[in-house]
file upload10.cif (mmCIF, C-alpha atoms and all ligand atoms)
data_target
#
loop_
_atom_site.label_atom_id
_atom_site.label_comp_id
_atom_site.auth_asym_id
_atom_site.auth_seq_id
_atom_site.Cartn_x
_atom_site.Cartn_y
_atom_site.Cartn_z
CA MET A 269 0.00 0.00 0.00
CA ALA A 270 1.24 3.46 -0.89
CA ILE A 271 -0.21 6.63 0.60
CA TYR A 272 -0.43 10.07 -0.99
CA GLN A 273 -1.37 13.02 1.21
CA MET A 274 -3.12 15.78 -0.71
CA GLU A 275 -4.52 19.04 0.63
CA SER A 276 -8.00 17.76 1.42
CA LEU A 277 -7.67 14.09 0.47
CA ILE A 278 -5.80 10.96 1.35
CA ILE A 279 -5.17 8.58 -1.54
CA GLN A 280 -4.14 5.02 -0.73
CA SER A 281 -3.19 2.72 -3.58
CA PHE A 282 -3.31 -1.06 -3.46
CA TYR A 283 -1.67 -3.34 -5.93
CA GLY A 284 -2.56 -6.81 -7.14
CA GLY A 285 -5.47 -8.44 -8.95
CA TYR A 286 -5.34 -10.17 -12.30
CA ASP A 287 -2.77 -8.01 -14.07
CA GLN A 288 -0.75 -5.62 -11.88
CA ASN A 289 -3.96 -3.72 -11.17
CA PHE A 290 -4.26 -0.71 -8.91
CA VAL A 291 -7.23 0.01 -6.68
CA TYR A 292 -7.45 3.41 -4.99
CA LEU A 293 -9.10 4.28 -1.70
CA ILE A 294 -9.90 7.99 -1.47
CA THR A 295 -10.66 9.62 1.87
CA ASP A 296 -12.11 13.11 2.12
CA LYS A 297 -10.20 14.48 5.13
CA PHE A 298 -12.94 16.82 6.32
CA SER A 299 -15.85 14.38 6.39
CA GLY A 300 -13.96 11.09 6.61
CA GLU A 301 -16.06 9.74 3.75
CA GLN A 302 -14.35 7.15 1.61
CA CYS A 303 -14.74 5.83 -1.92
CA LEU A 304 -12.99 3.12 -3.86
CA ILE A 305 -11.90 3.29 -7.49
CA ASP A 306 -12.28 -0.08 -9.25
CA ALA A 307 -12.99 -3.49 -7.78
CA ALA A 308 -9.81 -5.15 -8.99
CA ILE A 309 -8.44 -6.73 -5.81
CA PRO A 310 -10.07 -8.83 -3.07
CA PHE A 311 -11.82 -6.84 -0.36
CA SER A 312 -9.89 -8.72 2.35
CA ASN A 313 -6.72 -6.96 1.13
CA ILE A 314 -8.10 -3.52 1.92
CA GLU A 315 -10.74 -3.90 4.59
CA LYS A 316 -8.50 -2.89 7.49
CA PHE A 317 -8.03 0.53 5.83
CA ILE A 318 -11.76 1.19 5.79
CA PRO A 319 -12.68 2.04 9.41
CA ASP A 320 -16.28 3.09 8.89
CA ASN A 321 -18.42 3.00 5.85
CA LEU A 322 -17.43 3.04 2.25
CA SER A 323 -19.92 5.36 0.58
CA SER A 324 -19.21 4.62 -3.05
CA LEU A 325 -17.37 2.53 -5.60
CA LEU A 326 -16.39 4.12 -8.91
CA ILE A 327 -15.71 1.92 -11.92
CA THR A 328 -13.26 3.15 -14.60
CA HIS A 329 -14.56 0.68 -17.22
CA SER A 330 -16.18 -2.72 -17.34
CA HIS A 331 -13.28 -4.93 -18.42
CA GLY A 332 -13.31 -8.03 -16.24
CA ASP A 333 -10.17 -7.36 -14.22
CA HIS A 334 -11.54 -3.97 -13.04
CA ILE A 335 -14.87 -5.34 -11.81
CA ALA A 336 -13.69 -8.77 -10.67
CA TYR A 337 -14.53 -8.13 -7.00
CA LEU A 338 -17.79 -6.18 -7.39
CA ASP A 339 -19.78 -9.02 -5.82
CA ASP A 340 -17.23 -9.27 -3.05
CA ILE A 341 -17.49 -5.56 -2.13
CA SER A 342 -21.25 -5.19 -2.59
CA HIS A 343 -21.74 -8.22 -0.39
CA VAL A 344 -20.01 -6.42 2.50
CA PHE A 345 -21.42 -2.94 1.83
CA THR A 346 -25.00 -3.65 0.90
CA SER A 347 -25.99 0.02 0.50
CA ILE A 348 -22.86 1.19 -1.33
CA ASN A 349 -23.37 3.49 -4.35
CA ILE A 350 -21.77 1.89 -7.39
CA PHE A 351 -21.10 4.28 -10.29
CA SER A 352 -20.25 3.18 -13.82
CA PHE A 353 -20.71 4.70 -17.28
CA SER A 354 -22.43 1.54 -18.45
CA GLN A 355 -25.29 -0.15 -16.71
CA GLN A 356 -24.24 -3.53 -15.41
CA ASN A 357 -26.91 -6.05 -14.74
CA SER A 358 -26.73 -8.11 -11.62
CA THR A 359 -29.23 -9.33 -9.11
CA LYS A 360 -26.66 -8.83 -6.37
CA TYR A 361 -26.05 -5.08 -6.73
CA SER A 362 -27.40 -2.07 -8.60
CA VAL A 363 -25.25 0.32 -10.57
CA GLN A 364 -25.89 4.01 -11.13
CA ALA A 365 -25.08 5.12 -14.65
CA ILE A 366 -22.84 8.19 -14.83
CA ARG A 367 -22.33 10.60 -17.73
CA ASP A 368 -19.64 12.94 -18.97
CA SER A 369 -19.12 16.06 -16.80
CA GLN A 370 -21.17 14.66 -13.93
CA ILE A 371 -20.03 15.55 -10.42
CA ILE A 372 -20.09 12.92 -7.70
CA LYS A 373 -19.78 14.20 -4.14
CA LEU A 374 -17.48 12.64 -1.57
CA GLY A 375 -18.06 14.68 1.57
CA ASN A 376 -16.77 18.15 0.64
CA THR A 377 -14.84 16.82 -2.33
CA LYS A 378 -16.11 16.96 -5.90
CA ILE A 379 -15.29 14.09 -8.23
CA ASN A 380 -15.49 15.09 -11.90
CA VAL A 381 -16.42 12.42 -14.42
CA LEU A 382 -14.67 12.56 -17.80
CA HIS A 383 -16.01 10.12 -20.38
CA THR A 384 -12.92 8.95 -22.28
CA PRO A 385 -13.91 6.20 -24.77
CA GLY A 386 -11.24 4.55 -26.91
CA HIS A 387 -9.69 1.74 -24.91
CA PHE A 388 -13.29 0.69 -24.23
CA PRO A 389 -16.62 2.45 -24.93
CA ASP A 390 -17.49 2.92 -21.25
CA SER A 391 -14.05 4.15 -20.14
CA VAL A 392 -14.12 7.11 -17.79
CA CYS A 393 -11.50 9.03 -15.86
CA PHE A 394 -12.15 10.62 -12.49
CA LEU A 395 -10.62 14.01 -11.71
CA ILE A 396 -10.44 14.83 -8.00
CA ASN A 397 -8.71 18.17 -7.41
CA ASN A 398 -5.44 17.66 -9.29
CA ALA A 399 -5.46 13.84 -9.08
CA LEU A 400 -6.60 12.06 -12.25
CA PHE A 401 -7.63 8.40 -12.05
CA THR A 402 -7.26 7.12 -15.58
CA GLY A 403 -8.17 3.40 -15.55
CA ASP A 404 -6.86 1.92 -18.81
CA THR A 405 -7.10 5.17 -20.81
CA LEU A 406 -3.69 6.48 -19.75
CA PHE A 407 -0.76 4.76 -18.04
CA VAL A 408 2.66 5.94 -16.91
CA GLY A 409 4.61 5.89 -20.18
CA ARG A 410 1.80 5.35 -22.69
CA THR A 411 -1.92 5.32 -23.45
CA GLY A 412 -4.14 2.26 -23.11
CA ARG A 413 -4.29 -0.16 -26.01
CA THR A 414 -7.08 -0.44 -28.56
CA ILE A 415 -6.98 -4.14 -29.31
CA SER A 416 -10.13 -5.38 -27.56
CA GLN A 417 -13.60 -5.62 -29.05
CA GLY A 418 -15.17 -2.18 -28.74
CA SER A 419 -11.83 -0.34 -28.80
CA ASP A 420 -11.52 2.65 -31.14
CA VAL A 421 -8.15 4.29 -31.74
CA ARG A 422 -9.68 7.52 -33.12
CA LYS A 423 -11.88 7.89 -30.05
CA LEU A 424 -8.87 7.24 -27.84
CA TYR A 425 -6.99 10.03 -29.62
CA GLN A 426 -9.89 12.44 -29.06
CA SER A 427 -10.28 11.42 -25.42
CA VAL A 428 -6.60 11.63 -24.52
CA TYR A 429 -5.62 14.66 -26.55
CA SER A 430 -8.70 16.82 -26.00
CA LYS A 431 -9.74 15.84 -22.48
CA LEU A 432 -6.60 14.70 -20.63
CA LEU A 433 -3.53 16.36 -22.15
CA THR A 434 -5.30 19.73 -21.86
CA LEU A 435 -5.36 19.49 -18.04
CA PRO A 436 -2.72 21.36 -15.98
CA LYS A 437 0.75 19.83 -16.33
CA ASP A 438 1.04 19.24 -12.57
CA THR A 439 -2.02 16.92 -12.62
CA LEU A 440 -1.03 13.63 -10.95
CA ILE A 441 -1.87 10.50 -12.93
CA PHE A 442 -3.09 7.42 -11.05
CA PRO A 443 -3.49 4.62 -13.63
CA GLY A 444 -5.39 1.34 -13.46
CA HIS A 445 -2.28 -0.81 -13.86
CA ASN A 446 1.33 -0.60 -12.78
CA TYR A 447 2.79 -0.78 -16.30
CA GLY A 448 5.29 2.07 -16.16
CA PRO A 449 8.67 2.80 -14.59
CA LYS A 450 6.88 4.20 -11.50
CA PRO A 451 3.35 3.99 -10.11
CA THR A 452 2.33 7.62 -10.59
CA ILE A 453 3.59 10.64 -12.55
CA THR A 454 2.64 14.21 -13.36
CA LEU A 455 0.93 14.80 -16.67
CA GLY A 456 3.79 17.03 -17.83
CA GLU A 457 6.47 14.42 -17.14
CA ASN A 458 4.30 11.69 -18.67
CA ILE A 459 4.12 13.61 -21.96
CA GLN A 460 7.92 13.94 -21.92
CA ILE A 461 8.57 10.19 -21.47
CA SER A 462 5.74 8.86 -23.69
CA PRO A 463 6.03 8.84 -27.51
CA LEU A 464 2.30 8.04 -27.69
CA LEU A 465 1.58 11.38 -26.01
CA GLN A 466 3.69 13.38 -28.49
CA ALA A 467 1.64 12.90 -31.68
CA ILE A 468 1.14 15.99 -33.83
CA ASN A 469 -2.31 14.89 -35.07
CA GLU A 470 -4.72 11.94 -35.21
CA GLN A 471 -2.97 10.29 -38.16
CA ASP A 472 0.39 10.51 -36.40
CA PHE A 473 -1.16 9.03 -33.24
CA ILE A 474 -2.59 6.05 -35.17
CA ALA A 475 0.83 5.45 -36.78
CA ARG A 476 2.50 5.59 -33.35
CA MET A 477 -0.08 3.14 -31.91
CA ASP A 478 0.50 0.74 -34.83
CA GLN A 479 4.25 0.97 -34.27
CA TYR A 480 3.82 0.35 -30.55
CA GLU A 481 1.87 -2.88 -31.23
CA VAL A 482 4.52 -4.06 -33.73
CA ASN A 483 7.29 -3.49 -31.18
CA ARG A 484 5.59 -5.18 -28.23
FE FE A 501 -9.15 -2.51 -19.78
#
call {"tool": "encode", "arguments": {"input": "upload10.cif", "output": "structure tokens", "more": "lines below"}}
Ligand SMILES: [Fe+2]
result
Amino acid sequence: MAIYQMESLIIQSFYGGYDQNFVYLITDKFSGEQCLIDAAIPFSNIEKFIPDNLSSLLITHSHGDHIAYLDDISHVFTSINIFSFSQQNSTKYSVQAIRDSQIIKLGNTKINVLHTPGHFPDSVCFLINNALFTGDTLFVGRTGRTISQGSDVRKLYQSVYSKLLTLPKDTLIFPGHNYGPKPTITLGENIQISPLLQAINEQDFIARMDQYEVNR
């Protein structure tokens, strides 16, 4: 577990799951309210860090590794608010659909929803003050890939270049997987180390993505 102290928030990151996943526990310092970003690791790994009640669970996208422990968490917190861009059907829990630009409250803290399709149609990022939780849209060192069914490289370009790279350069990136040389990075430094974030236009980005897949 790593801990990041922000002005009005505490961010704790947990590592594990199916593929070097990160789960984030956000605590609003003023109210003590807590929310979780993604259900990618077993609840038993994090429960001792949740003293009271978890008010909400935010899903970055519905790929299996990110929602693997939804049942697990909703079983413990039966009245938890689960937020996802896409409606997920289950008899065990209900999901509230979120949309682009929506604000979710966590105590005094505002969580901004950015719909960022491309890696997957229901991909969203969550911006909380200057912390950006990017799921599989943006990692340390590169963007997400567009190889799964429903991926769209042009949409990913629009999402990343118009919605994320336009944020302040000191925005801290908290990705959904630990794929880079370090777990978190500022947006400005990420652009410097990532060829996929240096494209001059959409066509250039698609060429860079193709090249990336060839070199993997
Ligand atoms: Fe994914």
call {"tool": "residues_near_ligand", "arguments": {"input": "upload10.cif", "ligand": "ligand FE 501 (chain A)", "cutoff": "12 Å", "atoms": "only C-alpha atoms and all ligand atoms", "output": "MDAnalysis selection string"}}
result
chainID A and resid 286:289 306 308 327:336 385:392 402:407 411:419 443:445
call {"tool": "residues_around", "arguments": {"input": "upload10.cif", "residues": "Val291 (chain A)", "least_positions_apart": "6", "cutoff": "6 Å", "atoms": "only C-alpha atoms", "output": "VMD selection string"}}
result
chain A and resid 281 to 282 305 to 306
call {"tool": "residues_near_point", "arguments": {"input": "upload10.cif", "point": "(-10.7, 8.1, 5.6)", "cutoff": "10 Å", "atoms": "all atoms listed in the file", "output": "PDB file with C-alpha atoms, in the coordinates of the input"}}
result
ATOM      1  CA  LEU A 277      -7.670  14.090   0.470  1.00  0.00           C
ATOM      2  CA  ILE A 278      -5.800  10.960   1.350  1.00  0.00           C
ATOM      3  CA  ILE A 279      -5.170   8.580  -1.540  1.00  0.00           C
ATOM      4  CA  GLN A 280      -4.140   5.020  -0.730  1.00  0.00           C
ATOM      5  CA  LEU A 293      -9.100   4.280  -1.700  1.00  0.00           C
ATOM      6  CA  ILE A 294      -9.900   7.990  -1.470  1.00  0.00           C
ATOM      7  CA  THR A 295     -10.660   9.620   1.870  1.00  0.00           C
ATOM      8  CA  ASP A 296     -12.110  13.110   2.120  1.00  0.00           C
ATOM      9  CA  LYS A 297     -10.200  14.480   5.130  1.00  0.00           C
ATOM     10  CA  PHE A 298     -12.940  16.820   6.320  1.00  0.00           C
ATOM     11  CA  SER A 299     -15.850  14.380   6.390  1.00  0.00           C
ATOM     12  CA  GLY A 300     -13.960  11.090   6.610  1.00  0.00           C
ATOM     13  CA  GLU A 301     -16.060   9.740   3.750  1.00  0.00           C
ATOM     14  CA  GLN A 302     -14.350   7.150   1.610  1.00  0.00           C
ATOM     15  CA  CYS A 303     -14.740   5.830  -1.920  1.00  0.00           C
ATOM     16  CA  PHE A 317      -8.030   0.530   5.830  1.00  0.00           C
ATOM     17  CA  ILE A 318     -11.760   1.190   5.790  1.00  0.00           C
ATOM     18  CA  PRO A 319     -12.680   2.040   9.410  1.00  0.00           C
ATOM     19  CA  ASP A 320     -16.280   3.090   8.890  1.00  0.00           C
ATOM     20  CA  ASN A 321     -18.420   3.000   5.850  1.00  0.00           C
ATOM     21  CA  LEU A 322     -17.430   3.040   2.250  1.00  0.00           C
TER      22      LEU A 322
END
call {"tool": "residues_around", "arguments": {"input": "upload10.cif", "residues": "region 343-352 of chain A", "least_positions_apart": "5", "cutoff": "6 Å", "atoms": "all atoms listed in the file", "output": "PyMOL selection string"}}
result
chain A and resi 323-327+363-366
call {"tool": "atom_distance", "arguments": {"input": "upload10.cif", "atom1": "CA of Ser462 (chain A)", "atom2": "CA of Arg410 (chain A)"}}
result
5.4 Å
call {"tool": "residues_around", "arguments": {"input": "upload10.cif", "residues": "Tyr337 (chain A)", "least_positions_apart": "2", "cutoff": "8 Å", "atoms": "all atoms listed in the file", "output": "ChimeraX atom specification"}}
result
/A:307-311,334-335,339-341
call {"tool": "atom_distance", "arguments": {"input": "upload10.cif", "atom1": "CA of Asn376 (chain A)", "atom2": "CA of Ser312 (chain A)"}}
result
27.8 Å
call {"tool": "residues_near_point", "arguments": {"input": "upload10.cif", "point": "(-7.8, 9.5, -24.2)", "cutoff": "6 Å", "atoms": "all atoms listed in the file", "output": "ChimeraX atom specification"}}
result
/A:384,405,424-425,427-428
call {"tool": "closest_residue", "arguments": {"input": "upload10.cif", "among": "A:Tyr292, A:Arg484, A:Asp368, A:Gln471", "to": "Ala270 (chain A)", "atoms": "all atoms listed in the file"}}
result
A:Tyr292
call {"tool": "atom_distance", "arguments": {"input": "upload10.cif", "atom1": "CA of Ile453 (chain A)", "atom2": "CA of Phe401 (chain A)"}}
result
11.5 Å
call {"tool": "axis_aligned_box", "arguments": {"input": "upload10.cif", "around": "region 290-307 of chain A", "padding_each_side": "4 Å", "output": "lines of an AutoDock Vina configuration file"}}
result
center_x = -10.2
center_y = 6.7
center_z = -1.3
size_x = 19.8
size_y = 28.3
size_z = 23.9
call {"tool": "closest_residue", "arguments": {"input": "upload10.cif", "among": "A:Arg367, A:Asp472, A:Ala399, A:Lys316", "to": "Gln273 (chain A)", "atoms": "all atoms listed in the file"}}
result
A:Ala399
call {"tool": "decode", "arguments": {"input": "upload10.cif", "residues": "region 280-409 of chain A", "atoms": "C-alpha atoms", "output": "compact mmCIF listing (two decimals), in the first residue's frame"}}
result
# COMPACT_ATOMS: atom_id res chain seq x y z
CA GLN A 280 -4.14 5.02 -0.73
CA SER A 281 -3.19 2.72 -3.58
CA PHE A 282 -3.31 -1.06 -3.46
CA TYR A 283 -1.67 -3.34 -5.93
CA GLY A 284 -2.56 -6.81 -7.14
CA GLY A 285 -5.47 -8.44 -8.95
CA TYR A 286 -5.34 -10.17 -12.30
CA ASP A 287 -2.77 -8.01 -14.07
CA GLN A 288 -0.75 -5.62 -11.88
CA ASN A 289 -3.96 -3.72 -11.17
CA PHE A 290 -4.26 -0.71 -8.91
CA VAL A 291 -7.23 0.01 -6.68
CA TYR A 292 -7.45 3.41 -4.99
CA LEU A 293 -9.10 4.28 -1.70
CA ILE A 294 -9.90 7.99 -1.47
CA THR A 295 -10.66 9.62 1.87
CA ASP A 296 -12.11 13.11 2.12
CA LYS A 297 -10.20 14.48 5.13
CA PHE A 298 -12.94 16.82 6.32
CA SER A 299 -15.85 14.38 6.39
CA GLY A 300 -13.96 11.09 6.61
CA GLU A 301 -16.06 9.74 3.75
CA GLN A 302 -14.35 7.15 1.61
CA CYS A 303 -14.74 5.83 -1.92
CA LEU A 304 -12.99 3.12 -3.86
CA ILE A 305 -11.90 3.29 -7.49
CA ASP A 306 -12.28 -0.08 -9.25
CA ALA A 307 -12.99 -3.49 -7.78
CA ALA A 308 -9.81 -5.15 -8.99
CA ILE A 309 -8.44 -6.73 -5.81
CA PRO A 310 -10.07 -8.83 -3.07
CA PHE A 311 -11.82 -6.84 -0.36
CA SER A 312 -9.89 -8.72 2.35
CA ASN A 313 -6.72 -6.96 1.13
CA ILE A 314 -8.10 -3.52 1.92
CA GLU A 315 -10.74 -3.90 4.59
CA LYS A 316 -8.50 -2.89 7.49
CA PHE A 317 -8.03 0.53 5.83
CA ILE A 318 -11.76 1.19 5.79
CA PRO A 319 -12.68 2.04 9.41
CA ASP A 320 -16.28 3.09 8.89
CA ASN A 321 -18.42 3.00 5.85
CA LEU A 322 -17.43 3.04 2.25
CA SER A 323 -19.92 5.36 0.58
CA SER A 324 -19.21 4.62 -3.05
CA LEU A 325 -17.37 2.53 -5.60
CA LEU A 326 -16.39 4.12 -8.91
CA ILE A 327 -15.71 1.92 -11.92
CA THR A 328 -13.26 3.15 -14.60
CA HIS A 329 -14.56 0.68 -17.22
CA SER A 330 -16.18 -2.72 -17.34
CA HIS A 331 -13.28 -4.93 -18.42
CA GLY A 332 -13.31 -8.03 -16.24
CA ASP A 333 -10.17 -7.36 -14.22
CA HIS A 334 -11.54 -3.97 -13.04
CA ILE A 335 -14.87 -5.34 -11.81
CA ALA A 336 -13.69 -8.77 -10.67
CA TYR A 337 -14.53 -8.13 -7.00
CA LEU A 338 -17.79 -6.18 -7.39
CA ASP A 339 -19.78 -9.02 -5.82
CA ASP A 340 -17.23 -9.27 -3.05
CA ILE A 341 -17.49 -5.56 -2.13
CA SER A 342 -21.25 -5.19 -2.59
CA HIS A 343 -21.74 -8.22 -0.39
CA VAL A 344 -20.01 -6.42 2.50
CA PHE A 345 -21.42 -2.94 1.83
CA THR A 346 -25.00 -3.65 0.90
CA SER A 347 -25.99 0.02 0.50
CA ILE A 348 -22.86 1.19 -1.33
CA ASN A 349 -23.37 3.49 -4.35
CA ILE A 350 -21.77 1.89 -7.39
CA PHE A 351 -21.10 4.28 -10.29
CA SER A 352 -20.25 3.18 -13.82
CA PHE A 353 -20.71 4.70 -17.28
CA SER A 354 -22.43 1.54 -18.45
CA GLN A 355 -25.29 -0.15 -16.71
CA GLN A 356 -24.24 -3.53 -15.41
CA ASN A 357 -26.91 -6.05 -14.74
CA SER A 358 -26.73 -8.11 -11.62
CA THR A 359 -29.23 -9.33 -9.11
CA LYS A 360 -26.66 -8.83 -6.37
CA TYR A 361 -26.05 -5.08 -6.73
CA SER A 362 -27.40 -2.07 -8.60
CA VAL A 363 -25.25 0.32 -10.57
CA GLN A 364 -25.89 4.01 -11.13
CA ALA A 365 -25.08 5.12 -14.65
CA ILE A 366 -22.84 8.19 -14.83
CA ARG A 367 -22.33 10.60 -17.73
CA ASP A 368 -19.64 12.94 -18.97
CA SER A 369 -19.12 16.06 -16.80
CA GLN A 370 -21.17 14.66 -13.93
CA ILE A 371 -20.03 15.55 -10.42
CA ILE A 372 -20.09 12.92 -7.70
CA LYS A 373 -19.78 14.20 -4.14
CA LEU A 374 -17.48 12.64 -1.57
CA GLY A 375 -18.06 14.68 1.57
CA ASN A 376 -16.77 18.15 0.64
CA THR A 377 -14.84 16.82 -2.33
CA LYS A 378 -16.11 16.96 -5.90
CA ILE A 379 -15.29 14.09 -8.23
CA ASN A 380 -15.49 15.09 -11.90
CA VAL A 381 -16.42 12.42 -14.42
CA LEU A 382 -14.67 12.56 -17.80
CA HIS A 383 -16.01 10.12 -20.38
CA THR A 384 -12.92 8.95 -22.28
CA PRO A 385 -13.91 6.20 -24.77
CA GLY A 386 -11.24 4.55 -26.91
CA HIS A 387 -9.69 1.74 -24.91
CA PHE A 388 -13.29 0.69 -24.23
CA PRO A 389 -16.62 2.45 -24.93
CA ASP A 390 -17.49 2.92 -21.25
CA SER A 391 -14.05 4.15 -20.14
CA VAL A 392 -14.12 7.11 -17.79
CA CYS A 393 -11.50 9.03 -15.86
CA PHE A 394 -12.15 10.62 -12.49
CA LEU A 395 -10.62 14.01 -11.71
CA ILE A 396 -10.44 14.83 -8.00
CA ASN A 397 -8.71 18.17 -7.41
CA ASN A 398 -5.44 17.66 -9.29
CA ALA A 399 -5.46 13.84 -9.08
CA LEU A 400 -6.60 12.06 -12.25
CA PHE A 401 -7.63 8.40 -12.05
CA THR A 402 -7.26 7.12 -15.58
CA GLY A 403 -8.17 3.40 -15.55
CA ASP A 404 -6.86 1.92 -18.81
CA THR A 405 -7.10 5.17 -20.81
CA LEU A 406 -3.69 6.48 -19.75
CA PHE A 407 -0.76 4.76 -18.04
CA VAL A 408 2.66 5.94 -16.91
CA GLY A 409 4.61 5.89 -20.18
